[in-house]
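Asker: The structure is given below, and queries will be raised subsequently.
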Amino acid sequence: MIEVSHVTKTYKNNLVLNDICFSIEDGDCVGIVGYNGSGKSVLLKLLCGFTKPDQGTICVDGKLIGKDTDFLQNAGAFINSPHFMNHMSGYENLAILAEIRKKIGKDEILNVLKTVRLFDAKDKKVKTYSQGMLQRLRIAQAIMEEPKYLLMDEPMNALDEEGHHVMKQVFRTGKQNGTTILFTAHNREDVYAFADYVLRIKEKKVEKIKIEELAEMDNVTK
């Protein structure tokens, strides 16, 4: 369970999030929405432990991020389109990342490349990948260790039809496995398709809304 209590965050001298509180149950799939610059990526970084709150606490499975543990444990994440080593292949990039925690080996890496439909391109240098292929490689590095928590910043960005099929499978498998998923999105259709709840960032506050309630609110707005 993730519990965020009275968190405030200033970023580059600007107040981004102000006294926010919410909780996320294990196995929830949560879409994070808000206008550009509202703090969606900052919120993901806070949850991962990549940046620290100015005030308040973030507690995951009973452990305080920044006190009991530096980073969110057993998590897969990509935020702000992480880059790869262009002179190496897709497989080699994932193999280097897998060496950090030594939880998976060659077979698991090859399987995840099949999942994201990059198996045939596994030996090609990353610098030859299209934007859609790079996005699928980011998805692969996030899910390859079958994390308990999966945090993704605009995972549908730059994806073609094949990539959207990949993401549908990722969400489907994650829900079946009880993975807690948080993702940012601009496209409301993606949020409706996958999320159980929405964290809506508005005026530096965060409101947790059931997906059915968001649909009703959007219908009123239209």
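Going by the structure tokens order, chains are called A, B, ..., each with residues numbered from 1, while ligands are numbered from 1 in the order shown.
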Within 12 Å of range 159-168 of chain A, which residues of range 45-142 of chain A show up? Give each one with its shortest atom-to-atom distance in Å (one decimal) and the two atoms involved, counting only C-alpha atoms, rows by chain then rising residue number, as JSON lines.

Answerer:
```
{"residue": "A:Val112", "atom": "CA", "partner": "A:Val166", "partner_atom": "CA", "distance": 10.8}
{"residue": "A:Leu113", "atom": "CA", "partner": "A:Val166", "partner_atom": "CA", "distance": 10.8}
{"residue": "A:Lys114", "atom": "CA", "partner": "A:Val166", "partner_atom": "CA", "distance": 10.0}
{"residue": "A:Thr115", "atom": "CA", "partner": "A:Val166", "partner_atom": "CA", "distance": 7.0}
{"residue": "A:Val116", "atom": "CA", "partner": "A:Val166", "partner_atom": "CA", "distance": 5.6}
{"residue": "A:Arg117", "atom": "CA", "partner": "A:Val166", "partner_atom": "CA", "distance": 7.5}
{"residue": "A:Leu118", "atom": "CA", "partner": "A:Gly163", "partner_atom": "CA", "distance": 10.3}
{"residue": "A:Ser130", "atom": "CA", "partner": "A:Leu159", "partner_atom": "CA", "distance": 10.0}
{"residue": "A:Gln131", "atom": "CA", "partner": "A:Leu159", "partner_atom": "CA", "distance": 7.8}
{"residue": "A:Gly132", "atom": "CA", "partner": "A:Leu159", "partner_atom": "CA", "distance": 4.8}
{"residue": "A:Met133", "atom": "CA", "partner": "A:Leu159", "partner_atom": "CA", "distance": 8.0}
{"residue": "A:Leu134", "atom": "CA", "partner": "A:Leu159", "partner_atom": "CA", "distance": 9.3}
{"residue": "A:Gln135", "atom": "CA", "partner": "A:Leu159", "partner_atom": "CA", "distance": 7.0}
{"residue": "A:Arg136", "atom": "CA", "partner": "A:Gly163", "partner_atom": "CA", "distance": 6.8}
{"residue": "A:Leu137", "atom": "CA", "partner": "A:Gly163", "partner_atom": "CA", "distance": 10.5}
{"residue": "A:Arg138", "atom": "CA", "partner": "A:Met167", "partner_atom": "CA", "distance": 11.6}
{"residue": "A:Ile139", "atom": "CA", "partner": "A:Met167", "partner_atom": "CA", "distance": 8.3}
{"residue": "A:Ala140", "atom": "CA", "partner": "A:Val166", "partner_atom": "CA", "distance": 10.0}
```

Asker: Please produce an output containing N, CA and C atoms for each residue in the selection, written as an mmCIF file, in the first residue's frame.

Answerer:
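Here's the written file again.cif:
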```cif
data_model
loop_
_atom_site.group_PDB
_atom_site.id
_atom_site.type_symbol
_atom_site.label_atom_id
_atom_site.label_comp_id
_atom_site.auth_asym_id
_atom_site.auth_seq_id
_atom_site.Cartn_x
_atom_site.Cartn_y
_atom_site.Cartn_z
ATOM 1 N N VAL A 112 11.006 -10.865 -22.398
ATOM 2 C CA VAL A 112 10.391 -9.534 -22.344
ATOM 3 C C VAL A 112 10.532 -8.828 -23.687
ATOM 4 N N LEU A 113 11.607 -9.089 -24.410
ATOM 5 C CA LEU A 113 11.748 -8.523 -25.750
ATOM 6 C C LEU A 113 10.678 -9.078 -26.690
ATOM 7 N N LYS A 114 10.303 -10.326 -26.478
ATOM 8 C CA LYS A 114 9.196 -10.890 -27.254
ATOM 9 C C LYS A 114 7.886 -10.210 -26.871
ATOM 10 N N THR A 115 7.712 -9.965 -25.574
ATOM 11 C CA THR A 115 6.479 -9.334 -25.090
ATOM 12 C C THR A 115 6.269 -7.969 -25.720
ATOM 13 N N VAL A 116 7.343 -7.193 -25.839
ATOM 14 C CA VAL A 116 7.216 -5.836 -26.392
ATOM 15 C C VAL A 116 7.474 -5.814 -27.902
ATOM 16 N N ARG A 117 7.575 -7.000 -28.484
ATOM 17 C CA ARG A 117 7.715 -7.159 -29.932
ATOM 18 C C ARG A 117 8.974 -6.487 -30.487
ATOM 19 N N LEU A 118 10.067 -6.713 -29.749
ATOM 20 C CA LEU A 118 11.377 -6.239 -30.197
ATOM 21 C C LEU A 118 12.371 -7.383 -30.364
ATOM 22 N N SER A 130 13.382 3.309 -34.046
ATOM 23 C CA SER A 130 12.423 4.401 -34.181
ATOM 24 C C SER A 130 11.989 4.856 -32.787
ATOM 25 N N GLN A 131 11.268 5.982 -32.720
ATOM 26 C CA GLN A 131 10.766 6.459 -31.422
ATOM 27 C C GLN A 131 9.823 5.447 -30.783
ATOM 28 N N GLY A 132 8.994 4.802 -31.610
ATOM 29 C CA GLY A 132 8.088 3.788 -31.074
ATOM 30 C C GLY A 132 8.840 2.600 -30.509
ATOM 31 N N MET A 133 9.904 2.175 -31.179
ATOM 32 C CA MET A 133 10.722 1.054 -30.688
ATOM 33 C C MET A 133 11.433 1.434 -29.393
ATOM 34 N N LEU A 134 11.926 2.668 -29.312
ATOM 35 C CA LEU A 134 12.563 3.123 -28.076
ATOM 36 C C LEU A 134 11.571 3.106 -26.916
ATOM 37 N N GLN A 135 10.339 3.515 -27.189
ATOM 38 C CA GLN A 135 9.337 3.518 -26.130
ATOM 39 C C GLN A 135 9.049 2.099 -25.661
ATOM 40 N N ARG A 136 9.000 1.162 -26.596
ATOM 41 C CA ARG A 136 8.777 -0.237 -26.213
ATOM 42 C C ARG A 136 9.961 -0.800 -25.426
ATOM 43 N N LEU A 137 11.172 -0.335 -25.734
ATOM 44 C CA LEU A 137 12.341 -0.764 -24.965
ATOM 45 C C LEU A 137 12.279 -0.202 -23.544
ATOM 46 N N ARG A 138 11.777 1.031 -23.393
ATOM 47 C CA ARG A 138 11.592 1.597 -22.052
ATOM 48 C C ARG A 138 10.574 0.776 -21.262
ATOM 49 N N ILE A 139 9.514 0.377 -21.936
ATOM 50 C CA ILE A 139 8.511 -0.465 -21.284
ATOM 51 C C ILE A 139 9.136 -1.790 -20.868
ATOM 52 N N ALA A 140 9.966 -2.349 -21.743
ATOM 53 C CA ALA A 140 10.622 -3.630 -21.441
ATOM 54 C C ALA A 140 11.485 -3.535 -20.189
#
```

Asker: Which parts of range 16-212 of chain A does DSSP call strand (DSSP E) when run on the backbone here, written out as a short mmCIF file (atom, residue, chain, number, x, y, z; two decimals) with all heavy atoms, in the first residue's frame?

Answerer:
```cif
data_model
loop_
_atom_site.label_atom_id
_atom_site.label_comp_id
_atom_site.auth_asym_id
_atom_site.auth_seq_id
_atom_site.Cartn_x
_atom_site.Cartn_y
_atom_site.Cartn_z
N VAL A 16 5.02 23.13 -6.64
CA VAL A 16 4.42 22.22 -7.60
C VAL A 16 3.25 21.46 -6.97
O VAL A 16 2.15 21.38 -7.54
CB VAL A 16 5.46 21.22 -8.15
CG1 VAL A 16 4.82 20.25 -9.13
CG2 VAL A 16 6.61 21.97 -8.81
N LEU A 17 3.46 20.90 -5.79
CA LEU A 17 2.43 20.14 -5.09
C LEU A 17 2.33 20.67 -3.67
O LEU A 17 3.34 20.85 -2.99
CB LEU A 17 2.78 18.65 -5.08
CG LEU A 17 2.90 18.00 -6.47
CD1 LEU A 17 3.51 16.60 -6.37
CD2 LEU A 17 1.54 17.93 -7.15
N ASN A 18 1.10 20.89 -3.21
CA ASN A 18 0.90 21.56 -1.93
C ASN A 18 0.01 20.74 -1.00
O ASN A 18 -1.19 20.59 -1.24
CB ASN A 18 0.28 22.94 -2.17
CG ASN A 18 0.13 23.74 -0.89
OD1 ASN A 18 0.87 23.53 0.07
ND2 ASN A 18 -0.82 24.65 -0.88
N ASP A 19 0.64 20.16 0.03
CA ASP A 19 -0.10 19.47 1.09
C ASP A 19 -1.04 18.40 0.52
O ASP A 19 -2.24 18.38 0.80
CB ASP A 19 -0.90 20.48 1.92
CG ASP A 19 -1.40 19.88 3.24
OD1 ASP A 19 -0.70 19.02 3.80
OD2 ASP A 19 -2.51 20.24 3.66
N ILE A 20 -0.49 17.49 -0.28
CA ILE A 20 -1.31 16.46 -0.92
C ILE A 20 -1.38 15.20 -0.06
O ILE A 20 -0.42 14.83 0.62
CB ILE A 20 -0.79 16.10 -2.34
CG1 ILE A 20 0.62 15.50 -2.28
CG2 ILE A 20 -0.80 17.35 -3.22
CD1 ILE A 20 1.10 14.93 -3.60
N CYS A 21 -2.54 14.57 -0.07
CA CYS A 21 -2.78 13.34 0.69
C CYS A 21 -3.60 12.37 -0.16
O CYS A 21 -4.61 12.76 -0.74
CB CYS A 21 -3.54 13.62 1.99
SG CYS A 21 -2.74 14.76 3.14
N PHE A 22 -3.16 11.13 -0.24
CA PHE A 22 -3.95 10.07 -0.88
C PHE A 22 -3.32 8.72 -0.56
O PHE A 22 -2.18 8.65 -0.08
CB PHE A 22 -4.04 10.28 -2.40
CG PHE A 22 -2.72 10.22 -3.12
CD1 PHE A 22 -2.17 9.02 -3.54
CD2 PHE A 22 -2.02 11.39 -3.39
CE1 PHE A 22 -0.96 8.97 -4.20
CE2 PHE A 22 -0.79 11.36 -4.06
CZ PHE A 22 -0.26 10.15 -4.47
N SER A 23 -4.05 7.67 -0.82
CA SER A 23 -3.53 6.31 -0.64
C SER A 23 -3.89 5.47 -1.86
O SER A 23 -4.89 5.73 -2.54
CB SER A 23 -4.09 5.67 0.63
OG SER A 23 -5.50 5.54 0.55
N ILE A 24 -3.06 4.47 -2.12
CA ILE A 24 -3.28 3.56 -3.23
C ILE A 24 -3.15 2.14 -2.71
O ILE A 24 -2.15 1.77 -2.10
CB ILE A 24 -2.26 3.81 -4.37
CG1 ILE A 24 -2.42 5.22 -4.93
CG2 ILE A 24 -2.41 2.77 -5.47
CD1 ILE A 24 -1.34 5.61 -5.89
N CYS A 29 -4.80 0.13 -10.42
CA CYS A 29 -4.23 0.72 -11.63
C CYS A 29 -4.71 2.16 -11.67
O CYS A 29 -5.92 2.42 -11.78
CB CYS A 29 -4.68 -0.04 -12.88
SG CYS A 29 -3.94 0.58 -14.41
N VAL A 30 -3.78 3.09 -11.57
CA VAL A 30 -4.12 4.50 -11.34
C VAL A 30 -3.53 5.37 -12.45
O VAL A 30 -2.32 5.34 -12.71
CB VAL A 30 -3.59 4.98 -9.98
CG1 VAL A 30 -3.97 6.43 -9.74
CG2 VAL A 30 -4.11 4.08 -8.86
N GLY A 31 -4.38 6.14 -13.10
CA GLY A 31 -3.93 7.12 -14.08
C GLY A 31 -3.72 8.46 -13.41
O GLY A 31 -4.53 8.88 -12.57
N ILE A 32 -2.64 9.13 -13.77
CA ILE A 32 -2.35 10.46 -13.23
C ILE A 32 -2.56 11.47 -14.34
O ILE A 32 -1.92 11.40 -15.39
CB ILE A 32 -0.90 10.54 -12.70
CG1 ILE A 32 -0.67 9.47 -11.62
CG2 ILE A 32 -0.60 11.92 -12.15
CD1 ILE A 32 0.77 9.36 -11.17
N VAL A 33 -3.46 12.42 -14.13
CA VAL A 33 -3.81 13.38 -15.17
C VAL A 33 -3.64 14.80 -14.64
O VAL A 33 -3.67 15.05 -13.44
CB VAL A 33 -5.25 13.18 -15.67
CG1 VAL A 33 -5.43 11.78 -16.25
CG2 VAL A 33 -6.27 13.42 -14.55
N GLN A 55 8.05 18.68 2.58
CA GLN A 55 7.31 18.38 3.80
C GLN A 55 6.48 17.14 3.55
O GLN A 55 6.18 16.78 2.41
CB GLN A 55 6.38 19.54 4.17
CG GLN A 55 7.09 20.84 4.49
CD GLN A 55 6.11 21.98 4.78
OE1 GLN A 55 4.94 21.75 5.04
NE2 GLN A 55 6.60 23.21 4.71
N GLY A 56 6.08 16.47 4.64
CA GLY A 56 5.20 15.32 4.54
C GLY A 56 5.96 14.01 4.36
O GLY A 56 7.20 13.98 4.31
N THR A 57 5.20 12.92 4.25
CA THR A 57 5.79 11.59 4.18
C THR A 57 5.14 10.75 3.09
O THR A 57 3.97 10.93 2.74
CB THR A 57 5.63 10.84 5.52
OG1 THR A 57 4.23 10.72 5.83
CG2 THR A 57 6.36 11.56 6.64
N ILE A 58 5.94 9.81 2.57
CA ILE A 58 5.46 8.80 1.63
C ILE A 58 5.83 7.46 2.20
O ILE A 58 7.02 7.16 2.41
CB ILE A 58 6.07 9.00 0.23
CG1 ILE A 58 5.69 10.36 -0.33
CG2 ILE A 58 5.61 7.88 -0.71
CD1 ILE A 58 6.41 10.72 -1.62
N CYS A 59 4.83 6.65 2.48
CA CYS A 59 5.03 5.37 3.13
C CYS A 59 4.55 4.25 2.20
O CYS A 59 3.42 4.30 1.71
CB CYS A 59 4.27 5.32 4.45
SG CYS A 59 4.60 3.86 5.46
N VAL A 60 5.41 3.27 1.94
CA VAL A 60 5.07 2.16 1.06
C VAL A 60 5.32 0.85 1.81
O VAL A 60 6.44 0.59 2.26
CB VAL A 60 5.89 2.18 -0.24
CG1 VAL A 60 5.46 1.04 -1.16
CG2 VAL A 60 5.73 3.51 -0.95
N LYS A 63 7.08 1.23 5.06
CA LYS A 63 8.42 1.82 5.09
C LYS A 63 8.37 3.25 4.54
O LYS A 63 7.80 3.49 3.48
CB LYS A 63 9.39 0.98 4.26
CG LYS A 63 9.65 -0.40 4.84
CD LYS A 63 10.67 -1.16 4.00
CE LYS A 63 10.96 -2.52 4.60
NZ LYS A 63 11.97 -3.27 3.80
N LEU A 64 9.00 4.17 5.27
CA LEU A 64 9.05 5.56 4.85
C LEU A 64 10.13 5.74 3.79
O LEU A 64 11.30 5.40 4.02
CB LEU A 64 9.33 6.47 6.03
CG LEU A 64 8.18 6.71 7.02
CD1 LEU A 64 8.68 7.51 8.21
CD2 LEU A 64 7.02 7.43 6.33
N ALA A 75 10.28 -2.19 -7.68
CA ALA A 75 9.55 -1.32 -8.60
C ALA A 75 10.22 -1.30 -9.97
O ALA A 75 11.44 -1.44 -10.09
CB ALA A 75 9.49 0.10 -8.05
N GLY A 76 9.39 -1.15 -10.99
CA GLY A 76 9.87 -0.89 -12.33
C GLY A 76 9.35 0.47 -12.74
O GLY A 76 8.18 0.79 -12.49
N ALA A 77 10.21 1.28 -13.36
CA ALA A 77 9.77 2.65 -13.66
C ALA A 77 10.51 3.21 -14.87
O ALA A 77 11.65 2.83 -15.14
CB ALA A 77 10.02 3.56 -12.46
N PHE A 78 9.81 4.08 -15.59
CA PHE A 78 10.51 5.00 -16.49
C PHE A 78 9.81 6.34 -16.42
O PHE A 78 8.60 6.44 -16.46
CB PHE A 78 10.67 4.46 -17.91
CG PHE A 78 9.41 4.41 -18.74
CD1 PHE A 78 8.94 5.54 -19.40
CD2 PHE A 78 8.72 3.22 -18.91
CE1 PHE A 78 7.81 5.49 -20.19
CE2 PHE A 78 7.59 3.16 -19.70
CZ PHE A 78 7.13 4.29 -20.34
N TYR A 149 5.47 -2.89 -8.12
CA TYR A 149 5.01 -1.54 -8.46
C TYR A 149 5.56 -1.17 -9.84
O TYR A 149 6.75 -1.33 -10.12
CB TYR A 149 5.49 -0.53 -7.42
CG TYR A 149 4.95 -0.77 -6.05
CD1 TYR A 149 5.72 -1.41 -5.08
CD2 TYR A 149 3.66 -0.37 -5.70
CE1 TYR A 149 5.21 -1.66 -3.81
CE2 TYR A 149 3.15 -0.61 -4.44
CZ TYR A 149 3.92 -1.25 -3.50
OH TYR A 149 3.42 -1.48 -2.25
N LEU A 150 4.68 -0.66 -10.68
CA LEU A 150 5.06 -0.26 -12.04
C LEU A 150 4.64 1.20 -12.24
O LEU A 150 3.45 1.52 -12.17
CB LEU A 150 4.39 -1.16 -13.06
CG LEU A 150 4.67 -0.89 -14.55
CD1 LEU A 150 6.16 -0.98 -14.85
CD2 LEU A 150 3.89 -1.87 -15.41
N LEU A 151 5.62 2.08 -12.46
CA LEU A 151 5.35 3.51 -12.61
C LEU A 151 5.86 3.96 -13.97
O LEU A 151 7.06 3.82 -14.27
CB LEU A 151 6.02 4.33 -11.50
CG LEU A 151 5.55 4.00 -10.07
CD1 LEU A 151 6.41 2.91 -9.44
CD2 LEU A 151 5.58 5.26 -9.19
N MET A 152 4.97 4.53 -14.78
CA MET A 152 5.33 4.86 -16.16
C MET A 152 4.85 6.26 -16.51
O MET A 152 3.70 6.62 -16.28
CB MET A 152 4.71 3.84 -17.12
CG MET A 152 5.19 2.41 -16.90
SD MET A 152 4.38 1.22 -18.01
CE MET A 152 2.71 1.21 -17.32
N THR A 180 0.66 -3.15 -8.78
CA THR A 180 0.15 -1.80 -8.59
C THR A 180 0.75 -0.92 -9.68
O THR A 180 1.97 -0.80 -9.79
CB THR A 180 0.54 -1.25 -7.20
OG1 THR A 180 0.06 -2.15 -6.19
CG2 THR A 180 -0.04 0.14 -6.98
N ILE A 181 -0.11 -0.32 -10.50
CA ILE A 181 0.35 0.42 -11.67
C ILE A 181 -0.05 1.89 -11.56
O ILE A 181 -1.21 2.20 -11.27
CB ILE A 181 -0.26 -0.17 -12.96
CG1 ILE A 181 0.09 -1.66 -13.10
CG2 ILE A 181 0.22 0.61 -14.19
CD1 ILE A 181 -0.62 -2.35 -14.25
N LEU A 182 0.90 2.77 -11.78
CA LEU A 182 0.63 4.21 -11.88
C LEU A 182 1.20 4.71 -13.19
O LEU A 182 2.35 4.42 -13.52
CB LEU A 182 1.25 4.98 -10.72
CG LEU A 182 0.70 4.66 -9.33
CD1 LEU A 182 1.60 3.65 -8.62
CD2 LEU A 182 0.59 5.94 -8.49
N PHE A 183 0.40 5.46 -13.93
CA PHE A 183 0.88 5.97 -15.21
C PHE A 183 0.29 7.34 -15.48
O PHE A 183 -0.84 7.64 -15.09
CB PHE A 183 0.52 5.01 -16.35
CG PHE A 183 -0.95 4.89 -16.66
CD1 PHE A 183 -1.52 5.58 -17.73
CD2 PHE A 183 -1.78 4.09 -15.88
CE1 PHE A 183 -2.86 5.48 -18.02
CE2 PHE A 183 -3.14 3.98 -16.16
CZ PHE A 183 -3.68 4.68 -17.24
N THR A 184 1.07 8.18 -16.14
CA THR A 184 0.57 9.48 -16.56
C THR A 184 0.06 9.37 -17.99
O THR A 184 0.53 8.54 -18.77
CB THR A 184 1.66 10.56 -16.49
OG1 THR A 184 2.67 10.28 -17.47
CG2 THR A 184 2.29 10.61 -15.11
N TYR A 197 -8.72 4.06 -10.99
CA TYR A 197 -8.84 5.37 -10.34
C TYR A 197 -7.99 6.37 -11.11
O TYR A 197 -7.12 6.01 -11.90
CB TYR A 197 -8.34 5.33 -8.88
CG TYR A 197 -9.19 4.54 -7.94
CD1 TYR A 197 -8.95 3.18 -7.74
CD2 TYR A 197 -10.22 5.14 -7.22
CE1 TYR A 197 -9.73 2.44 -6.86
CE2 TYR A 197 -11.01 4.41 -6.34
CZ TYR A 197 -10.76 3.06 -6.17
OH TYR A 197 -11.52 2.33 -5.30
N VAL A 198 -8.23 7.64 -10.82
CA VAL A 198 -7.43 8.72 -11.38
C VAL A 198 -6.94 9.60 -10.24
O VAL A 198 -7.68 9.87 -9.29
CB VAL A 198 -8.26 9.56 -12.37
CG1 VAL A 198 -7.58 10.90 -12.66
CG2 VAL A 198 -8.45 8.81 -13.68
N LEU A 199 -5.68 9.99 -10.31
CA LEU A 199 -5.17 11.06 -9.47
C LEU A 199 -5.13 12.31 -10.34
O LEU A 199 -4.31 12.41 -11.26
CB LEU A 199 -3.77 10.74 -8.94
CG LEU A 199 -3.65 9.55 -7.99
CD1 LEU A 199 -2.19 9.33 -7.61
CD2 LEU A 199 -4.49 9.77 -6.72
N ARG A 200 -6.02 13.25 -10.08
CA ARG A 200 -6.09 14.46 -10.89
C ARG A 200 -5.37 15.58 -10.16
O ARG A 200 -5.71 15.92 -9.01
CB ARG A 200 -7.54 14.87 -11.17
CG ARG A 200 -7.64 16.07 -12.09
CD ARG A 200 -9.06 16.38 -12.47
NE ARG A 200 -9.86 16.82 -11.33
CZ ARG A 200 -11.07 17.36 -11.43
NH1 ARG A 200 -11.62 17.51 -12.63
NH2 ARG A 200 -11.73 17.74 -10.36
N ILE A 201 -4.35 16.14 -10.82
CA ILE A 201 -3.59 17.25 -10.24
C ILE A 201 -4.17 18.55 -10.77
O ILE A 201 -4.23 18.78 -11.97
CB ILE A 201 -2.10 17.15 -10.61
CG1 ILE A 201 -1.53 15.80 -10.15
CG2 ILE A 201 -1.32 18.30 -9.98
CD1 ILE A 201 -0.08 15.59 -10.54
N LYS A 202 -4.62 19.37 -9.86
CA LYS A 202 -5.24 20.63 -10.23
C LYS A 202 -4.96 21.65 -9.14
O LYS A 202 -5.21 21.40 -7.96
CB LYS A 202 -6.76 20.46 -10.40
CG LYS A 202 -7.47 21.69 -10.92
CD LYS A 202 -8.95 21.41 -11.16
CE LYS A 202 -9.67 22.61 -11.71
NZ LYS A 202 -11.12 22.34 -11.91
N LYS A 205 -2.99 20.62 -6.03
CA LYS A 205 -3.60 19.60 -5.18
C LYS A 205 -3.82 18.32 -5.97
O LYS A 205 -3.82 18.33 -7.21
CB LYS A 205 -4.94 20.11 -4.62
CG LYS A 205 -4.84 21.34 -3.74
CD LYS A 205 -4.18 21.01 -2.40
CE LYS A 205 -4.23 22.20 -1.45
NZ LYS A 205 -3.62 21.89 -0.13
N VAL A 206 -4.00 17.21 -5.27
CA VAL A 206 -4.26 15.93 -5.91
C VAL A 206 -5.57 15.37 -5.39
O VAL A 206 -5.78 15.27 -4.17
CB VAL A 206 -3.12 14.92 -5.62
CG1 VAL A 206 -3.48 13.54 -6.17
CG2 VAL A 206 -1.82 15.41 -6.25
N GLU A 207 -6.44 15.04 -6.32
CA GLU A 207 -7.74 14.47 -5.97
C GLU A 207 -7.83 13.06 -6.55
O GLU A 207 -7.55 12.85 -7.73
CB GLU A 207 -8.87 15.33 -6.55
CG GLU A 207 -10.27 14.84 -6.19
CD GLU A 207 -11.35 15.70 -6.82
OE1 GLU A 207 -11.02 16.54 -7.68
OE2 GLU A 207 -12.53 15.52 -6.44
N LYS A 208 -8.23 12.09 -5.72
CA LYS A 208 -8.40 10.72 -6.18
C LYS A 208 -9.85 10.51 -6.58
O LYS A 208 -10.77 10.74 -5.79
CB LYS A 208 -8.01 9.74 -5.06
CG LYS A 208 -8.04 8.27 -5.49
CD LYS A 208 -7.57 7.36 -4.37
CE LYS A 208 -7.63 5.90 -4.77
NZ LYS A 208 -7.22 5.01 -3.66
N ILE A 209 -10.05 10.09 -7.83
CA ILE A 209 -11.38 9.98 -8.40
C ILE A 209 -11.57 8.60 -9.03
O ILE A 209 -10.69 8.12 -9.75
CB ILE A 209 -11.60 11.06 -9.49
CG1 ILE A 209 -11.27 12.45 -8.97
CG2 ILE A 209 -13.03 11.02 -10.02
CD1 ILE A 209 -11.23 13.52 -10.05
N LYS A 210 -12.71 7.97 -8.78
CA LYS A 210 -13.02 6.72 -9.46
C LYS A 210 -13.22 7.00 -10.94
O LYS A 210 -13.70 8.06 -11.32
CB LYS A 210 -14.30 6.10 -8.89
CG LYS A 210 -14.14 5.52 -7.50
CD LYS A 210 -15.42 4.85 -7.03
CE LYS A 210 -15.25 4.23 -5.65
NZ LYS A 210 -16.50 3.57 -5.19
#
```

Asker: So, with only C-alpha atoms as the atoms that count, which of A:Asn14, A:Asp28, A:Asp123, A:Glu92 lies closest to Lys175 in chain A?

Answerer: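 Using only C-alpha atoms, the shortest distance to Lys175 in chain A belongs to A:Asp28.
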
Asker: Please compute the CA of Ile79 in chain A-CA of Ser41 in chain A distance, one decimal, in Å.

Answerer: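 Going from CA of Ile79 in chain A over to CA of Ser41 in chain A, I get 6.7 Å.
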
Asker: Using DSSP assignments from the backbone, pull out every residue in range 137-175 of chain A that falls under alpha helix (DSSP H) and give it to me as an MDAnalysis selection string.

Answerer: chainID A and resid 137:143 161:175

Asker: One decimal, Å: what's the distance from CA of Asn157 in chain A over to CA of Arg188 in chain A, could you say?

Answerer: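 Interatomic distance, CA of Asn157 in chain A to CA of Arg188 in chain A: 13.0 Å.
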
Asker: Could you check the closest approach to Asn187 in chain A for each of A:Glu146, A:Glu154, A:Asp26, A:Glu213 and tell me which residue wins, using only C-alpha atoms?

Answerer: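 Nearest candidate to Asn187 in chain A out of A:Glu146, A:Glu154, A:Asp26, A:Glu213: A:Glu154.
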
Asker: Could you check which of A:Asn177, A:Ala195, A:Gly49, A:Ser5 is closest to Asp68 in chain A, using only C-alpha atoms?

Answerer: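 Selected residue with least distance to Asp68 in chain A: A:Gly49.
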
Asker: Considering only C-alpha atoms, state which residue in the set A:Pro53, A:Gly39, A:Pro155, A:Pro82 is at the smallest distance from Ile65 in chain A.

Answerer: A:Pro53

Asker: Identify, on the basis of only C-alpha atoms, every residue whose closest approach to Gly90 in chain A does not exceed 8 Å; exclude the query and any residue fewer than 5 positions from it along the same chain; express the result as JSON, numbers by chain.

Answerer: {"A": [121, 122, 123, 124, 125, 126, 137]}

Asker: Store the residues picked out above, limited to N, CA and C atoms, as a PDB file, in the first residue's frame.

Answerer:
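The result, written out as again.pdb:
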```
ATOM      1  N   ALA A 121      14.534  -7.312 -33.321  1.00  0.00           N
ATOM      2  CA  ALA A 121      15.461  -6.179 -33.344  1.00  0.00           C
ATOM      3  C   ALA A 121      16.417  -6.192 -32.155  1.00  0.00           C
ATOM      4  N   LYS A 122      16.472  -7.318 -31.452  1.00  0.00           N
ATOM      5  CA  LYS A 122      17.239  -7.366 -30.206  1.00  0.00           C
ATOM      6  C   LYS A 122      18.733  -7.118 -30.399  1.00  0.00           C
ATOM      7  N   ASP A 123      19.276  -7.454 -31.582  1.00  0.00           N
ATOM      8  CA  ASP A 123      20.706  -7.304 -31.821  1.00  0.00           C
ATOM      9  C   ASP A 123      21.047  -6.031 -32.595  1.00  0.00           C
ATOM     10  N   LYS A 124      20.036  -5.241 -32.914  1.00  0.00           N
ATOM     11  CA  LYS A 124      20.282  -3.984 -33.622  1.00  0.00           C
ATOM     12  C   LYS A 124      20.677  -2.898 -32.629  1.00  0.00           C
ATOM     13  N   LYS A 125      21.539  -2.003 -33.060  1.00  0.00           N
ATOM     14  CA  LYS A 125      21.954  -0.899 -32.190  1.00  0.00           C
ATOM     15  C   LYS A 125      20.762   0.012 -31.912  1.00  0.00           C
ATOM     16  N   VAL A 126      20.685   0.487 -30.688  1.00  0.00           N
ATOM     17  CA  VAL A 126      19.559   1.317 -30.273  1.00  0.00           C
ATOM     18  C   VAL A 126      19.461   2.588 -31.115  1.00  0.00           C
ATOM     19  N   LEU A 137      11.172  -0.335 -25.734  1.00  0.00           N
ATOM     20  CA  LEU A 137      12.341  -0.764 -24.965  1.00  0.00           C
ATOM     21  C   LEU A 137      12.279  -0.202 -23.544  1.00  0.00           C
TER      22      LEU A 137
END
```

Asker: Hey, which of A:Asp190, A:Thr10, A:Phe71, A:Asp153 ends up closest to Ile211 in chain A? Count only C-alpha atoms.

Answerer: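 Closest to Ile211 in chain A, using only C-alpha atoms: A:Asp190.
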
Asker: Quick one, how far is CA of Val170 in chain A from CA of His83 in chain A?

Answerer: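 The value is 20.8 Å.
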
Asker: Within 10 Å of Ala98 in chain A, counting only C-alpha atoms, which residues qualify if same-chain residues fewer than 5 places away don't, as an NGL selection string?

Answerer: :A and (92-93 or 103-106 or 108-109 or 141 or 144-145)
